[in-house]
Amino acid sequence: MVSTIVGVRTMSREKLVVIGNGMAGMRTVEELLKIAPDHYEITVFGAEPHGNYNRIMLSPVLAGEKNINQIMINDDQWYLDNGITLYKGKQVTEINRARRYVKTADGVEANYDRLLIATGSHPFVIPIPGNDLKGVISFRDIADVDQMLVAAKQHQHAVVIGGGLLGLEAANGLKQQGMSVTVVHINDTLMEKQLDKSAAKMLKKSLEERGLHFLLATQTEAIIGKGHVERVRFKDGTEIYADLVVMAVGIRPNFELAKKAGIYCERGIVVSDTLQTYDPRIYAIGECVQHRGTNYGLVAPLFEMAKVCANHLARYGIGRYGGTVTSTKLKVTGIDLFSAGDFTGNDKTEELIFQDASRGVYRKLIVQDNRIKGTVMYGDTIDGAWYFDLMRDNTDIGDIREQILFGQAHLGDSGHGAENRVATLADTAEICGCNGVCKGKIVKAIVEKKLYTLEEVRAHTKASSSCGSCTGLVESLLAMTVGGNYSQAPHVKPMCGCTDHTHDEVRKLIYDLKLKSVAAVQKTMEWKTADGCSKCRPAINFYLVCAWPGEYQDDYQSRFINERAHANIQKDGTYSVIPRMWGGETTPKELKAIAEIAEKYQVPTVHITGGQRIDMLGVKKEDLPAMWGDLSKAGFVSGHAYGKAIRTVKTCVGKTWCRFGTQDSTSMGIELEKMTWGSWMPHKVKLAVSGCPRNCAEATIKDFGVVCIDSGYELHVGGNGGVKVRATDFLCSVKTPAEVKEYCAAFLQLYRENAHYLERTAPWVERVGLTYIKEKVVVDNAGRRVLAQRFLDSQQFAQVDPWKQRADGLDAHEFAPLKAVG
């Protein structure tokens, strides 16, 4: 059925006709309406019987995560409100350049002064026997999705030909609809245009765990069936059953109409930097064009073209499109994947690689002359925007090479949470690649327009409104900017893609239902994935450790690699070992022991840390057990420099030696460290005791700081150094060392029991509020004592150094994972 919407007309306007009602063409119209709303009388022809919808969100529609109404960008009312005539379900078959009109297959004509061609692309269908059988479809539009959804209700077996981005999204969607899905790919790795072999292997494993099947390095020979597809045959003669075959092997620019009209085309409609064709009255944009020899199939470059094209249609004449560096994300819920630029490299480039297979994390940077040329990330992609910015800006990374693989947050001490990490991004950092929206624009809109929800940010900035892969970053910006007023802030979001439960709900159910294993938590709460992921497993493990000290056996397989190895892995694969030095104080005997051990194991670098300890760098993995055994015999315990745990207690010499000292800060620091060491925490925790208000131990940027004064001690909480510096909040003043220890224990236990895993004290204090903490730790005397006692009771189970256990000949379970570390 033909649907026509007629808007207001004025005789003075020029006529603009747009062929194509898709994302590229309509984004151009949107940009044009912003800068020249009254310049044109606009007519749009769309081949589909729908308004303008978000084509790249078809995957979530197929997976059942969204419906068609939720991906609609511009409905009928939008065209009416903007005076646009829309012809839906109309295929333009003729462009008459001499008389300047277009004509549809059923005879509808429209004259133009300017013509915009945005005909997109066609799905490529493999030229093999049986490709025209019923049940063989592509994955390109809403009609294709509708056919797949119908097939999923009636049939069981689906074959997806093509292991690229689109094919995997189609396969995942069909699996979500209950079909048994086999992906057939001619290459030996998935997504070879976006991933290297290591990342592709991890992706394949993750998708297989979701129930997908793969036939790689397999060529399809024929599709077999009588009227309807029944089987698929391959070159080696093997066959598999198929009720549905989805062709997802690529796209081809749709430029036949333009070529028929005599417009110059090669592998697409050839356009200039102003998006003009060889006919100056005709512009072209999107997947149908060829610009500087390149065709684009991703949305980000199409939207960049739209801004330039609208600028020239409006007669401003100042924009130029110079091409786009593209990045890719997979739209499969629970799988984080990012790639950009040249990820293969050549003889002139270097590879910087971090891989932790047990956590499912992989990062590779291709570097040339200290400039990033490409990147592949799997498992943890939050730094993708930062790497992408560094690559596009051709930034020299020489000064940060040692830390760059660990992400922007690791340049300082700002923590691992998404809020902390997005906070470190520059205002110019691109958050939404599809729409070219930077951090500064989003934050400005949030503040000036008082935005509080993701949908409001999408409406005002378009960030996260296209492919949706930047949604997490946008939500983190919201949480960072408006704090507790954000209706989708992280503390009410699901823990990860494996569950719908929040961190707080998981913790509550662990206590209420007395769940005492990772498996019990996942089974009771109906985890979506069989074994969880790198986000939820460490979190659940910590919550269980905190809830059931002495009962729950710590699952080291759920810990990060540094905690499993009891040492910090370095960029060359060796490890850093830091024994604990109480309050930064040592003795000649201890120094001698460390020196002898460093010599014995040929430690290449011995370094004094900022936390007043000795760091032995370059230790081989196979030497770790024996080295720690020797350290244990010499009286050392682990400094836990690798863990989400109590790290250091920094001190100054206090009144024992310093003429300004008011209290014995060193002894106080030693007592605090001996009380707190070994305690696992939501994140790393650092303490300090300064002997006077001159604060030489920097107590006011620590998680818990003590400043000695004449009358006793000032207690401070929630500080943070590094990239995002946060001064502590003043908690209270106390008079005795015993009170310092009690308040410290109570504060740490409150933090352990309330903070989300990987949430440092600084954002936690800001989230729950200092008033809440004071009520629990300062005002409620009985409650404080209960908290402190709970902390001290748990310490009898925490303060058993695993390396001392081994030195004593005990069979500690912590050591088995060392064989698999790397």
# chains A, B, ... in the order shown; residues from 1 in each chain; ligands from 1

$ residues_around --residues "Cys265 of chain A" --least-positions-apart "3" --cutoff "10 Å" --atoms "only C-alpha atoms" --output "count of residues only"
15

$ residues_around --residues "Leu165 of chain A" --least-positions-apart "5" --cutoff "12 Å" --atoms "only C-alpha atoms" --output "ChimeraX atom specification"
/A:56,59,139,160,170-172,183,185,190-195,200,203,248-251,297-298,328-332,337-339

$ closest_residue --among "A:Thr189, A:Ser517, A:Gln522, A:Ser464" --to "His501 of chain A" --atoms "only C-alpha atoms"
A:Gln522

$ closest_residue --among "A:Tyr772, A:Tyr757, A:Trp78, A:Tyr387" --to "Arg537 of chain A" --atoms "only C-alpha atoms"
A:Tyr757

$ closest_atom_pairs --of "segment 198-244 of chain A" --to "segment 352-358 of chain A" --cutoff "10 Å" --atoms "only C-alpha atoms" --output "CSV"
residue,atom,partner,partner_atom,distance
A:Ser198,CA,A:Gln355,CA,9.0
A:Ala199,CA,A:Gln355,CA,9.4
A:Met202,CA,A:Ala357,CA,7.8

$ write_last_selection --atoms "N, CA and C atoms" --output "mmCIF file, in the first residue's frame"
data_model
loop_
_atom_site.group_PDB
_atom_site.id
_atom_site.type_symbol
_atom_site.label_atom_id
_atom_site.label_comp_id
_atom_site.auth_asym_id
_atom_site.auth_seq_id
_atom_site.Cartn_x
_atom_site.Cartn_y
_atom_site.Cartn_z
ATOM 1 N N SER A 198 44.444 -14.487 17.320
ATOM 2 C CA SER A 198 44.281 -14.691 18.762
ATOM 3 C C SER A 198 42.916 -14.217 19.232
ATOM 4 N N ALA A 199 42.535 -13.009 18.835
ATOM 5 C CA ALA A 199 41.228 -12.487 19.238
ATOM 6 C C ALA A 199 40.104 -13.310 18.625
ATOM 7 N N MET A 202 39.521 -16.447 20.627
ATOM 8 C CA MET A 202 38.784 -16.199 21.865
ATOM 9 C C MET A 202 37.305 -15.954 21.579
#

$ closest_residue --among "A:Leu80, A:Val229, A:Tyr642, A:Asp188" --to "Val136 of chain A" --atoms "only C-alpha atoms"
A:Val229

$ residues_around --residues "Ser667 of chain A" --least-positions-apart "5" --cutoff "10 Å" --atoms "only C-alpha atoms" --output "ChimeraX atom specification"
/A:582-583,585,651-654,656,672-673,689,737

$ write_last_selection --atoms "all heavy atoms" --output "mmCIF file, in the first residue's frame"
data_model
loop_
_atom_site.group_PDB
_atom_site.id
_atom_site.type_symbol
_atom_site.label_atom_id
_atom_site.label_comp_id
_atom_site.auth_asym_id
_atom_site.auth_seq_id
_atom_site.Cartn_x
_atom_site.Cartn_y
_atom_site.Cartn_z
ATOM 1 N N TRP A 582 56.651 -3.466 57.238
ATOM 2 C CA TRP A 582 55.665 -2.871 58.122
ATOM 3 C C TRP A 582 55.889 -1.375 58.286
ATOM 4 O O TRP A 582 56.915 -0.942 58.794
ATOM 5 C CB TRP A 582 55.680 -3.554 59.480
ATOM 6 C CG TRP A 582 55.587 -5.048 59.378
ATOM 7 C CD1 TRP A 582 56.576 -5.945 59.623
ATOM 8 C CD2 TRP A 582 54.448 -5.810 58.973
ATOM 9 N NE1 TRP A 582 56.130 -7.231 59.410
ATOM 10 C CE2 TRP A 582 54.821 -7.180 59.007
ATOM 11 C CE3 TRP A 582 53.142 -5.484 58.588
ATOM 12 C CZ2 TRP A 582 53.948 -8.207 58.680
ATOM 13 C CZ3 TRP A 582 52.276 -6.516 58.258
ATOM 14 C CH2 TRP A 582 52.664 -7.854 58.306
ATOM 15 N N GLY A 583 54.913 -0.595 57.813
ATOM 16 C CA GLY A 583 54.981 0.854 57.944
ATOM 17 C C GLY A 583 56.172 1.479 57.251
ATOM 18 O O GLY A 583 56.556 2.615 57.556
ATOM 19 N N GLU A 585 59.184 0.509 57.499
ATOM 20 C CA GLU A 585 60.382 0.399 58.342
ATOM 21 C C GLU A 585 61.041 -0.963 58.122
ATOM 22 O O GLU A 585 60.359 -1.968 57.955
ATOM 23 C CB GLU A 585 60.023 0.573 59.819
ATOM 24 C CG GLU A 585 61.230 0.723 60.734
ATOM 25 C CD GLU A 585 60.824 1.154 62.127
ATOM 26 O OE1 GLU A 585 60.652 2.372 62.343
ATOM 27 O OE2 GLU A 585 60.651 0.278 62.991
ATOM 28 N N THR A 651 54.374 5.857 56.130
ATOM 29 C CA THR A 651 54.581 6.628 57.359
ATOM 30 C C THR A 651 55.754 7.589 57.199
ATOM 31 O O THR A 651 56.579 7.457 56.293
ATOM 32 C CB THR A 651 54.892 5.702 58.554
ATOM 33 O OG1 THR A 651 56.181 5.089 58.342
ATOM 34 C CG2 THR A 651 53.836 4.632 58.726
ATOM 35 N N CYS A 652 55.788 8.542 58.108
ATOM 36 C CA CYS A 652 56.999 9.350 58.300
ATOM 37 C C CYS A 652 57.607 8.938 59.644
ATOM 38 O O CYS A 652 57.048 8.109 60.360
ATOM 39 C CB CYS A 652 56.672 10.836 58.273
ATOM 40 S SG CYS A 652 55.651 11.374 59.666
ATOM 41 N N VAL A 653 58.738 9.504 60.028
ATOM 42 C CA VAL A 653 59.407 9.056 61.255
ATOM 43 C C VAL A 653 58.763 9.616 62.516
ATOM 44 O O VAL A 653 59.038 9.154 63.623
ATOM 45 C CB VAL A 653 60.903 9.432 61.233
ATOM 46 C CG1 VAL A 653 61.600 8.700 60.100
ATOM 47 C CG2 VAL A 653 61.090 10.943 61.093
ATOM 48 N N GLY A 654 57.880 10.618 62.373
ATOM 49 C CA GLY A 654 57.129 11.129 63.512
ATOM 50 C C GLY A 654 57.995 11.731 64.604
ATOM 51 O O GLY A 654 59.135 12.147 64.378
ATOM 52 N N THR A 656 59.577 10.447 66.971
ATOM 53 C CA THR A 656 60.773 9.720 67.391
ATOM 54 C C THR A 656 62.035 10.417 66.916
ATOM 55 O O THR A 656 63.040 10.470 67.617
ATOM 56 C CB THR A 656 60.727 8.275 66.851
ATOM 57 O OG1 THR A 656 59.508 7.664 67.261
ATOM 58 C CG2 THR A 656 61.920 7.464 67.348
ATOM 59 N N LEU A 672 48.770 -0.461 62.386
ATOM 60 C CA LEU A 672 47.673 -0.517 61.415
ATOM 61 C C LEU A 672 47.934 -1.568 60.343
ATOM 62 O O LEU A 672 47.031 -2.322 59.955
ATOM 63 C CB LEU A 672 47.473 0.851 60.765
ATOM 64 C CG LEU A 672 46.768 1.924 61.591
ATOM 65 C CD1 LEU A 672 46.714 3.240 60.821
ATOM 66 C CD2 LEU A 672 45.356 1.481 61.980
ATOM 67 N N GLU A 673 49.169 -1.619 59.869
ATOM 68 C CA GLU A 673 49.466 -2.579 58.793
ATOM 69 C C GLU A 673 49.396 -4.009 59.298
ATOM 70 O O GLU A 673 48.888 -4.898 58.611
ATOM 71 C CB GLU A 673 50.834 -2.287 58.184
ATOM 72 C CG GLU A 673 51.103 -3.128 56.933
ATOM 73 C CD GLU A 673 52.216 -2.573 56.076
ATOM 74 O OE1 GLU A 673 52.877 -1.606 56.491
ATOM 75 O OE2 GLU A 673 52.423 -3.129 54.977
ATOM 76 N N VAL A 689 50.092 7.298 57.636
ATOM 77 C CA VAL A 689 50.076 8.003 58.919
ATOM 78 C C VAL A 689 51.151 9.081 58.869
ATOM 79 O O VAL A 689 52.335 8.778 58.695
ATOM 80 C CB VAL A 689 50.356 7.052 60.103
ATOM 81 C CG1 VAL A 689 50.251 7.824 61.427
ATOM 82 C CG2 VAL A 689 49.390 5.870 60.093
ATOM 83 N N PRO A 737 45.734 5.607 70.146
ATOM 84 C CA PRO A 737 46.016 4.638 69.085
ATOM 85 C C PRO A 737 44.962 3.543 68.997
ATOM 86 O O PRO A 737 44.633 3.077 67.899
ATOM 87 C CB PRO A 737 47.382 4.073 69.487
ATOM 88 C CG PRO A 737 48.024 5.154 70.277
ATOM 89 C CD PRO A 737 46.901 5.793 71.044
#

$ atom_distance --atom1 "atom CA of Cys536 of chain A" --atom2 "atom CA of Met377 of chain A"
19.1 Å
